[in-house]
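Have a look at the structure below before the remarks.
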Amino acid sequence: MTGRKQQMILFMLFAAGILAAPFFLKGSYLLTVMVFVGINTMLAVALNLLLGYAGQISLGHAAFFGMGAYISGIITSRFPVDPFGVMLLAAVLAGALAFVIGFPILKLKGHYLAMATLGFGIIMYIIFNETVAYTGGPSGLPGIPSLRIGVLVFDNDLRNYYLVWMFTLVVMLLAINLVQSRIGRALRAIHDSEVAARVMGVNARILKVQIFSLSAVISAVAGSLYAHVMTFIAPASFGFNFSVELLTMIVVGGLGSIYGSFLGAAILTTLPEFLRVFQDWDIIVYGLMLILMTMFMPGGLISGMEAGLRHVMAKIFKGDGGHAQA
Amino acid sequence: MADFRQLFQYILSGLSNGAIYALIGFGFAVIYNATGIINFAQGEFVMLGGMLTVFFLTVLQMPLAPAILLAIAVSTAAGVTFERLAIRPLRNAEPLRLIIITIGASIFIRGVAMLLWGKDTHALPAFSGQEPLAVAGATILPQHLWIFGVTILIILASRLFFNHTIMGKAMRACSYNPQAAGLVGISVKNMVMLSFMVSAAIGSLAGIIIAPLTMTSYDVGIMLGLKGFCAVIIGGMSSGLGTVMGGLLLGLLESLGAGFISASYKDAIAFIILLLILFIRPEGLFARKESERF
């Protein structure tokens, strides 16, 4: 399939760009920012699989992110255990929780699903805040050790950059392959019409729960990474506002697009760094972005860029334009 | 005896919070029944009511009654503007886009409020003094009476409106079947706008009468809005009286839970109830007819 081949070449180019970026950004503050762009890209991809592809909204994804961060943070700051093992544990627990609540929650649709996931997110936020003995409560949890492999300690920006982006690239590759597979087509079918998808033999109920769990697992891994990179976490990073920020990322970048997730994450993560004034204006800007993009550019910024890119790729390969979509 | 008095106090504050939740929930139901939209910005009207009253009262030095009326008028205007600019152009969009739009509006309004009035919490003076009245060994603030009185008035007025005026009946017709309503000459567009007006007005009023008891700030809208939604979910979208019962029940459970179990998990109680109801009986506890939720 030319579509898939083009996809792989596009991904290779993207990955090469990401891996080479530190040579240009070395010592710059932008490198630090790019570490967080990586983490947010993972989260945006996770949410986009659920919302952009399967059409199921979640306003509580910050909860899974927080779960990963707190499980990793609490255990590794107290016990001398392998942090990668804990990361795996956190991912499994978040996935299991998502699986269990996924059955009743994903029975709901549209507005009710949004409210239910929002309620779930707020309950988790209250738990992060109130279980002070474990999480440190509102004042946060300090002293989380950096990740290490043997003698290599991930304690500076450059090392963290490669650490985070290794995970992010793997997640992106996985997502790109997933959405092009049979499962991806089934998800899009559910998005367009769940009834029609079921008639065609798609087990919509199970599939929605599975993609919800996968999304939670990715978010939890991002959370673990965040905790180790920051070495300090506080509940404010995992509340409703962050769930909305994630939503804004994928709406701005492009619903149903993996590279759109990256674009949205990159814009929303770097914007506040450039515009100091942004600090107080952020929620106004996010609100306007959500409204204006939804009204005038429902495909997100990537849809325009993708059309241009496809045009170029088609010229290079002299194919018939290949309707690749990722 | 002390325990009994305490219990009475919990019940009283639970009921007064519950009345507020019921009013907010009522605002959700009015828009939902007219459009099928759950307006995530509903809580912001509640915040606007309280904050605008504080603004008119303290900065513009207006007397209380005109300040309240003006606050309700401005909030209502905000509701109408929102409907005209963001909801009407997307009338036939899929729910996902409408959800995102109303979330966007919600954080936009909250952000504007924060810029205009800062992050401080403000208190509104009680409408008729702070002198508590002693009833059966417990104390009732005059503001509690205001809350109960206004809530009962609003409920009665809306019953009259929806059952006995031509406009109210037209709105109900739109909620049953917009197409048929259009065929008999009802302007569905106007009814949708009217629903945003009514909803914003009731929401801002709720925000005003609770502000003297609980303080107000730019971000009270999220929690109050969600609890109002919870009330309407308990009661069922289609039932006005159910929403009142839902609000009161939620207020009571919250207040008793905070008093006897744990104050720090007070807010979680509402959301656990919300999830349980959505999972087990999504049509609501008091709903008469089944409403569309799946």
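Note on naming: chains are A, B, ... as they come in the structure tokens, residues start from 1 per chain, ligands start from 1 in the order shown.
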
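Counting only C-alpha atoms, segment 153-159 of chain A has the following residues at most 8 Å away, ignoring those fewer than 5 positions along the same chain: Pro22, Lys26, Leu31, Thr32, Val35, Ser146, Leu147, Arg148 and Val229 of chain A.
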
Write out as JSON lines the residues of chain A that have any atom within 10 Å of an atom of chain B, one row each with the nearest atom pair and its distance in Å to one decimal, counting only C-alpha atoms, sorted by chain and then rising number.
{"residue": "A:Leu51", "atom": "CA", "partner": "B:Leu96", "partner_atom": "CA", "distance": 8.9}
{"residue": "A:Gly55", "atom": "CA", "partner": "B:Leu96", "partner_atom": "CA", "distance": 7.8}
{"residue": "A:Gln56", "atom": "CA", "partner": "B:Leu96", "partner_atom": "CA", "distance": 8.4}
{"residue": "A:Ile57", "atom": "CA", "partner": "B:Leu96", "partner_atom": "CA", "distance": 7.3}
{"residue": "A:Ile101", "atom": "CA", "partner": "B:Phe279", "partner_atom": "CA", "distance": 9.7}
{"residue": "A:Phe103", "atom": "CA", "partner": "B:Phe279", "partner_atom": "CA", "distance": 9.4}
{"residue": "A:Pro104", "atom": "CA", "partner": "B:Phe279", "partner_atom": "CA", "distance": 5.6}
{"residue": "A:Ile105", "atom": "CA", "partner": "B:Phe279", "partner_atom": "CA", "distance": 6.9}
{"residue": "A:Leu106", "atom": "CA", "partner": "B:Phe279", "partner_atom": "CA", "distance": 9.7}
{"residue": "A:Lys107", "atom": "CA", "partner": "B:Phe294", "partner_atom": "CA", "distance": 7.2}
{"residue": "A:Leu108", "atom": "CA", "partner": "B:Phe294", "partner_atom": "CA", "distance": 5.7}
{"residue": "A:Lys109", "atom": "CA", "partner": "B:Phe294", "partner_atom": "CA", "distance": 5.8}
{"residue": "A:Gly110", "atom": "CA", "partner": "B:Pro95", "partner_atom": "CA", "distance": 5.9}
{"residue": "A:His111", "atom": "CA", "partner": "B:Ile38", "partner_atom": "CA", "distance": 6.0}
{"residue": "A:Tyr112", "atom": "CA", "partner": "B:Arg293", "partner_atom": "CA", "distance": 7.1}
{"residue": "A:Leu113", "atom": "CA", "partner": "B:Leu278", "partner_atom": "CA", "distance": 9.2}
{"residue": "A:Ala114", "atom": "CA", "partner": "B:Ile99", "partner_atom": "CA", "distance": 7.9}
{"residue": "A:Met115", "atom": "CA", "partner": "B:Leu226", "partner_atom": "CA", "distance": 8.2}
{"residue": "A:Ala116", "atom": "CA", "partner": "B:Leu275", "partner_atom": "CA", "distance": 6.0}
{"residue": "A:Thr117", "atom": "CA", "partner": "B:Leu275", "partner_atom": "CA", "distance": 8.8}
{"residue": "A:Leu118", "atom": "CA", "partner": "B:Phe271", "partner_atom": "CA", "distance": 9.0}
{"residue": "A:Gly119", "atom": "CA", "partner": "B:Phe271", "partner_atom": "CA", "distance": 5.3}
{"residue": "A:Phe120", "atom": "CA", "partner": "B:Phe271", "partner_atom": "CA", "distance": 7.3}
{"residue": "A:Gly121", "atom": "CA", "partner": "B:Phe271", "partner_atom": "CA", "distance": 9.5}
{"residue": "A:Ile122", "atom": "CA", "partner": "B:Ala268", "partner_atom": "CA", "distance": 7.5}
{"residue": "A:Ile123", "atom": "CA", "partner": "B:Ala268", "partner_atom": "CA", "distance": 5.4}
{"residue": "A:Met124", "atom": "CA", "partner": "B:Ala268", "partner_atom": "CA", "distance": 8.8}
{"residue": "A:Tyr125", "atom": "CA", "partner": "B:Ala268", "partner_atom": "CA", "distance": 9.3}
{"residue": "A:Ile126", "atom": "CA", "partner": "B:Ala268", "partner_atom": "CA", "distance": 6.7}
{"residue": "A:Ile127", "atom": "CA", "partner": "B:Tyr265", "partner_atom": "CA", "distance": 8.2}
{"residue": "A:Asn129", "atom": "CA", "partner": "B:Ser264", "partner_atom": "CA", "distance": 9.2}
{"residue": "A:Glu130", "atom": "CA", "partner": "B:Ser264", "partner_atom": "CA", "distance": 6.8}
{"residue": "A:Thr131", "atom": "CA", "partner": "B:Ser264", "partner_atom": "CA", "distance": 9.8}
{"residue": "A:Phe240", "atom": "CA", "partner": "B:Ile222", "partner_atom": "CA", "distance": 9.5}
{"residue": "A:Asn241", "atom": "CA", "partner": "B:Ile107", "partner_atom": "CA", "distance": 9.0}
{"residue": "A:Val244", "atom": "CA", "partner": "B:Ile103", "partner_atom": "CA", "distance": 8.1}
{"residue": "A:Leu247", "atom": "CA", "partner": "B:Ile100", "partner_atom": "CA", "distance": 8.3}
{"residue": "A:Thr248", "atom": "CA", "partner": "B:Gly104", "partner_atom": "CA", "distance": 8.7}
{"residue": "A:Val251", "atom": "CA", "partner": "B:Ile100", "partner_atom": "CA", "distance": 8.7}
{"residue": "A:Asp280", "atom": "CA", "partner": "B:Leu115", "partner_atom": "CA", "distance": 7.4}
{"residue": "A:Trp281", "atom": "CA", "partner": "B:Gly111", "partner_atom": "CA", "distance": 7.0}
{"residue": "A:Asp282", "atom": "CA", "partner": "B:Gly111", "partner_atom": "CA", "distance": 7.9}
{"residue": "A:Ile283", "atom": "CA", "partner": "B:Gly111", "partner_atom": "CA", "distance": 5.4}
{"residue": "A:Ile284", "atom": "CA", "partner": "B:Phe108", "partner_atom": "CA", "distance": 4.5}
{"residue": "A:Val285", "atom": "CA", "partner": "B:Phe108", "partner_atom": "CA", "distance": 7.4}
{"residue": "A:Tyr286", "atom": "CA", "partner": "B:Gly104", "partner_atom": "CA", "distance": 7.1}
{"residue": "A:Gly287", "atom": "CA", "partner": "B:Gly104", "partner_atom": "CA", "distance": 4.0}
{"residue": "A:Leu288", "atom": "CA", "partner": "B:Phe108", "partner_atom": "CA", "distance": 6.4}
{"residue": "A:Met289", "atom": "CA", "partner": "B:Gly104", "partner_atom": "CA", "distance": 7.6}
{"residue": "A:Leu290", "atom": "CA", "partner": "B:Gly104", "partner_atom": "CA", "distance": 5.0}
{"residue": "A:Ile291", "atom": "CA", "partner": "B:Ile101", "partner_atom": "CA", "distance": 4.9}
{"residue": "A:Leu292", "atom": "CA", "partner": "B:Ile101", "partner_atom": "CA", "distance": 8.4}
{"residue": "A:Met293", "atom": "CA", "partner": "B:Ile101", "partner_atom": "CA", "distance": 9.2}
{"residue": "A:Thr294", "atom": "CA", "partner": "B:Arg97", "partner_atom": "CA", "distance": 6.3}
{"residue": "A:Met295", "atom": "CA", "partner": "B:Leu90", "partner_atom": "CA", "distance": 7.3}
{"residue": "A:Pro298", "atom": "CA", "partner": "B:Arg97", "partner_atom": "CA", "distance": 8.2}

**Message:** Give me, as a PyMOL selection string, all polymer residues having an atom no more than 7 Å from Leu249 of chain B, counting only C-alpha atoms and skipping those fewer than 4 positions away in the same chain.
**Reply:** chain B and resi 18+245+253

Write the residues of the preceding selection, restricted to N, CA and C atoms, as a short mmCIF file (atom, residue, chain, number, x, y, z; two decimals), in the first residue's frame.
data_model
loop_
_atom_site.label_atom_id
_atom_site.label_comp_id
_atom_site.auth_asym_id
_atom_site.auth_seq_id
_atom_site.Cartn_x
_atom_site.Cartn_y
_atom_site.Cartn_z
N GLY B 18 -29.40 23.26 48.59
CA GLY B 18 -30.17 22.44 47.66
C GLY B 18 -31.10 23.27 46.80
N MET B 245 -36.69 18.46 43.78
CA MET B 245 -36.42 17.36 44.71
C MET B 245 -34.96 16.95 44.61
N LEU B 253 -27.82 15.58 51.31
CA LEU B 253 -26.80 14.53 51.39
C LEU B 253 -25.42 15.15 51.57
#

**Message:** Among segment 62-259 of chain B, which residues does DSSP mark as helix (DSSP H, G or I) when it is run on the backbone? Keep the chain and numbering as in the structure and answer as a PyMOL selection string.
**Reply:** chain B and resi 64-90+95-117+142-164+166-176+178-183+188-214+220-235+240-259

**Message:** Counting only C-alpha atoms, which residue out of A:Pro145, A:Gly308, A:Gly95, A:Pro272 sits closest to Leu225 of chain A?
**Reply:**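 Using only C-alpha atoms, the shortest distance to Leu225 of chain A belongs to A:Pro145.
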
**Message:** Taking only C-alpha atoms into account, name the residue in B:Leu141, B:Ile152, B:Val198, B:Val184 that is nearest to Ala78 of chain B.
**Reply:** B:Val198

**Complete:** Here atom CA of Ser261 of chain A and atom CA of Asn48 of chain A stand apart by 7.0 Å

**Prompt:** Which residues, written as number ranges by chain, have at least one atom at most 6 Å from Val46 of chain B, with only C-alpha atoms counted and residues fewer than 2 positions away on the same chain left out?
**Reply:** B: 43-44, 48-49, 203-204, 207

Go ahead and write the selection's residues with N, CA and C atoms as a PDB file, in the first residue's frame.
ATOM      1  N   GLY B  43     -22.906  27.404  34.670  1.00  0.00           N
ATOM      2  CA  GLY B  43     -22.348  27.864  35.940  1.00  0.00           C
ATOM      3  C   GLY B  43     -21.792  29.278  35.857  1.00  0.00           C
ATOM      4  N   GLU B  44     -21.356  29.688  34.671  1.00  0.00           N
ATOM      5  CA  GLU B  44     -20.777  31.031  34.542  1.00  0.00           C
ATOM      6  C   GLU B  44     -21.843  32.112  34.683  1.00  0.00           C
ATOM      7  N   LEU B  48     -21.612  35.135  37.135  1.00  0.00           N
ATOM      8  CA  LEU B  48     -21.832  36.503  36.667  1.00  0.00           C
ATOM      9  C   LEU B  48     -22.846  37.228  37.550  1.00  0.00           C
ATOM     10  N   GLY B  49     -23.914  36.530  37.927  1.00  0.00           N
ATOM     11  CA  GLY B  49     -24.923  37.152  38.778  1.00  0.00           C
ATOM     12  C   GLY B  49     -24.299  37.697  40.054  1.00  0.00           C
ATOM     13  N   GLY B 203     -30.226  31.458  36.401  1.00  0.00           N
ATOM     14  CA  GLY B 203     -28.894  31.117  36.902  1.00  0.00           C
ATOM     15  C   GLY B 203     -28.264  32.286  37.639  1.00  0.00           C
ATOM     16  N   SER B 204     -28.344  33.493  37.064  1.00  0.00           N
ATOM     17  CA  SER B 204     -27.695  34.629  37.714  1.00  0.00           C
ATOM     18  C   SER B 204     -28.404  34.965  39.021  1.00  0.00           C
ATOM     19  N   GLY B 207     -27.112  32.753  41.630  1.00  0.00           N
ATOM     20  CA  GLY B 207     -25.789  33.194  42.050  1.00  0.00           C
ATOM     21  C   GLY B 207     -25.849  34.389  42.991  1.00  0.00           C
TER      22      GLY B 207
END

**Prompt:** Could you state the separation of atom CA of Thr269 of chain A and atom CA of Gly137 of chain A in Å, given to one decimal place?
**Reply:**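 Taking atom CA of Thr269 of chain A and atom CA of Gly137 of chain A, their separation equals 25.6 Å.
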
**Prompt:** Taking into account only C-alpha atoms, which residue in the set B:Ala19, B:Leu64, B:Ile261, B:Leu241 is nearest to Arg159 of chain B?
**Reply:**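 The closest residue to Arg159 of chain B is B:Leu241.
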
**Request:** Find, counting only C-alpha atoms, the residue in A:Arg198, A:Ala63, A:Phe23, A:Trp165 that gets nearest to Ala186 of chain A.
**Result:**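 For Ala186 of chain A, the nearest of the given residues is A:Arg198.
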
Contact check, segment 9-118 of chain A to segment 167-182 of chain A, at most 9 Å, counting only C-alpha atoms, closest pairs as CSV:
residue,atom,partner,partner_atom,distance
A:Phe11,CA,A:Leu173,CA,7.5
A:Ala15,CA,A:Leu169,CA,6.9
A:Ile18,CA,A:Leu169,CA,8.9
A:Gly38,CA,A:Thr168,CA,6.0
A:Ile39,CA,A:Thr168,CA,7.0
A:Thr41,CA,A:Thr168,CA,7.0
A:Met42,CA,A:Thr168,CA,5.5
A:Val45,CA,A:Met172,CA,7.1
A:Ala46,CA,A:Ala175,CA,8.5
A:Leu49,CA,A:Ala175,CA,7.5
A:Tyr53,CA,A:Val179,CA,7.8

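Distance check against Gly129 of chain B using only C-alpha atoms: of B:Val80, B:Leu256, B:Leu213, B:Val232, the minimum falls on B:Leu213.
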
**Polymer residues at most 9 Å from Phe26 of chain B, only C-alpha atoms, same-chain spacing of 3 or more positions, as an NGL selection string** = :B and (21-23 or 29-31 or 155 or 199 or 202-203 or 228-229 or 231-232 or 237 or 240 or 243-244)

Resulting file, chosen residues, C-alpha atoms, as a PDB file, in the first residue's frame:
ATOM      1  CA  TYR B  21     -28.733  23.687  43.077  1.00  0.00           C
ATOM      2  CA  ALA B  22     -32.352  23.251  42.052  1.00  0.00           C
ATOM      3  CA  LEU B  23     -32.492  26.726  40.507  1.00  0.00           C
ATOM      4  CA  ALA B  29     -33.250  21.854  31.920  1.00  0.00           C
ATOM      5  CA  VAL B  30     -34.749  24.907  30.185  1.00  0.00           C
ATOM      6  CA  ILE B  31     -31.961  24.981  27.594  1.00  0.00           C
ATOM      7  CA  ILE B 155     -40.764  27.523  40.677  1.00  0.00           C
ATOM      8  CA  SER B 199     -31.848  30.108  31.787  1.00  0.00           C
ATOM      9  CA  ILE B 202     -32.539  32.151  36.651  1.00  0.00           C
ATOM     10  CA  GLY B 203     -28.894  31.117  36.902  1.00  0.00           C
ATOM     11  CA  GLY B 228     -26.881  22.155  39.444  1.00  0.00           C
ATOM     12  CA  PHE B 229     -26.363  19.631  36.664  1.00  0.00           C
ATOM     13  CA  ALA B 231     -29.548  18.092  40.703  1.00  0.00           C
ATOM     14  CA  VAL B 232     -31.208  17.966  37.325  1.00  0.00           C
ATOM     15  CA  MET B 237     -34.482  16.548  32.726  1.00  0.00           C
ATOM     16  CA  GLY B 240     -39.546  20.468  36.930  1.00  0.00           C
ATOM     17  CA  THR B 243     -35.289  18.957  39.641  1.00  0.00           C
ATOM     18  CA  VAL B 244     -36.354  20.682  42.860  1.00  0.00           C
TER      19      VAL B 244
END

Using only C-alpha atoms, determine which residues lie at most 12 Å from Gly143 of chain A, disregarding the query and same-chain residues fewer than 4 positions distant; provide the list as an mmCIF file with C-alpha atoms, in the first residue's frame.
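Output below, filename around.cif:
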data_model
loop_
_atom_site.group_PDB
_atom_site.id
_atom_site.type_symbol
_atom_site.label_atom_id
_atom_site.label_comp_id
_atom_site.auth_asym_id
_atom_site.auth_seq_id
_atom_site.Cartn_x
_atom_site.Cartn_y
_atom_site.Cartn_z
ATOM 1 C CA SER A 72 5.293 6.838 40.283
ATOM 2 C CA GLY A 73 5.987 9.794 42.542
ATOM 3 C CA ILE A 74 4.728 8.274 45.787
ATOM 4 C CA ILE A 75 6.375 4.872 45.366
ATOM 5 C CA THR A 76 9.764 5.926 43.980
ATOM 6 C CA SER A 77 10.208 8.774 46.453
ATOM 7 C CA ARG A 78 9.738 6.365 49.381
ATOM 8 C CA PHE A 79 11.150 3.032 48.293
ATOM 9 C CA THR A 135 0.220 12.896 47.994
ATOM 10 C CA GLY A 136 1.273 15.800 50.192
ATOM 11 C CA ALA A 227 6.794 13.192 37.727
ATOM 12 C CA HIS A 228 10.390 12.029 37.148
ATOM 13 C CA VAL A 229 11.271 14.972 34.922
ATOM 14 C CA MET A 230 9.807 17.566 37.297
ATOM 15 C CA THR A 231 10.830 15.716 40.514
ATOM 16 C CA PHE A 232 7.926 17.619 42.117
ATOM 17 C CA ILE A 233 4.191 17.338 41.487
#
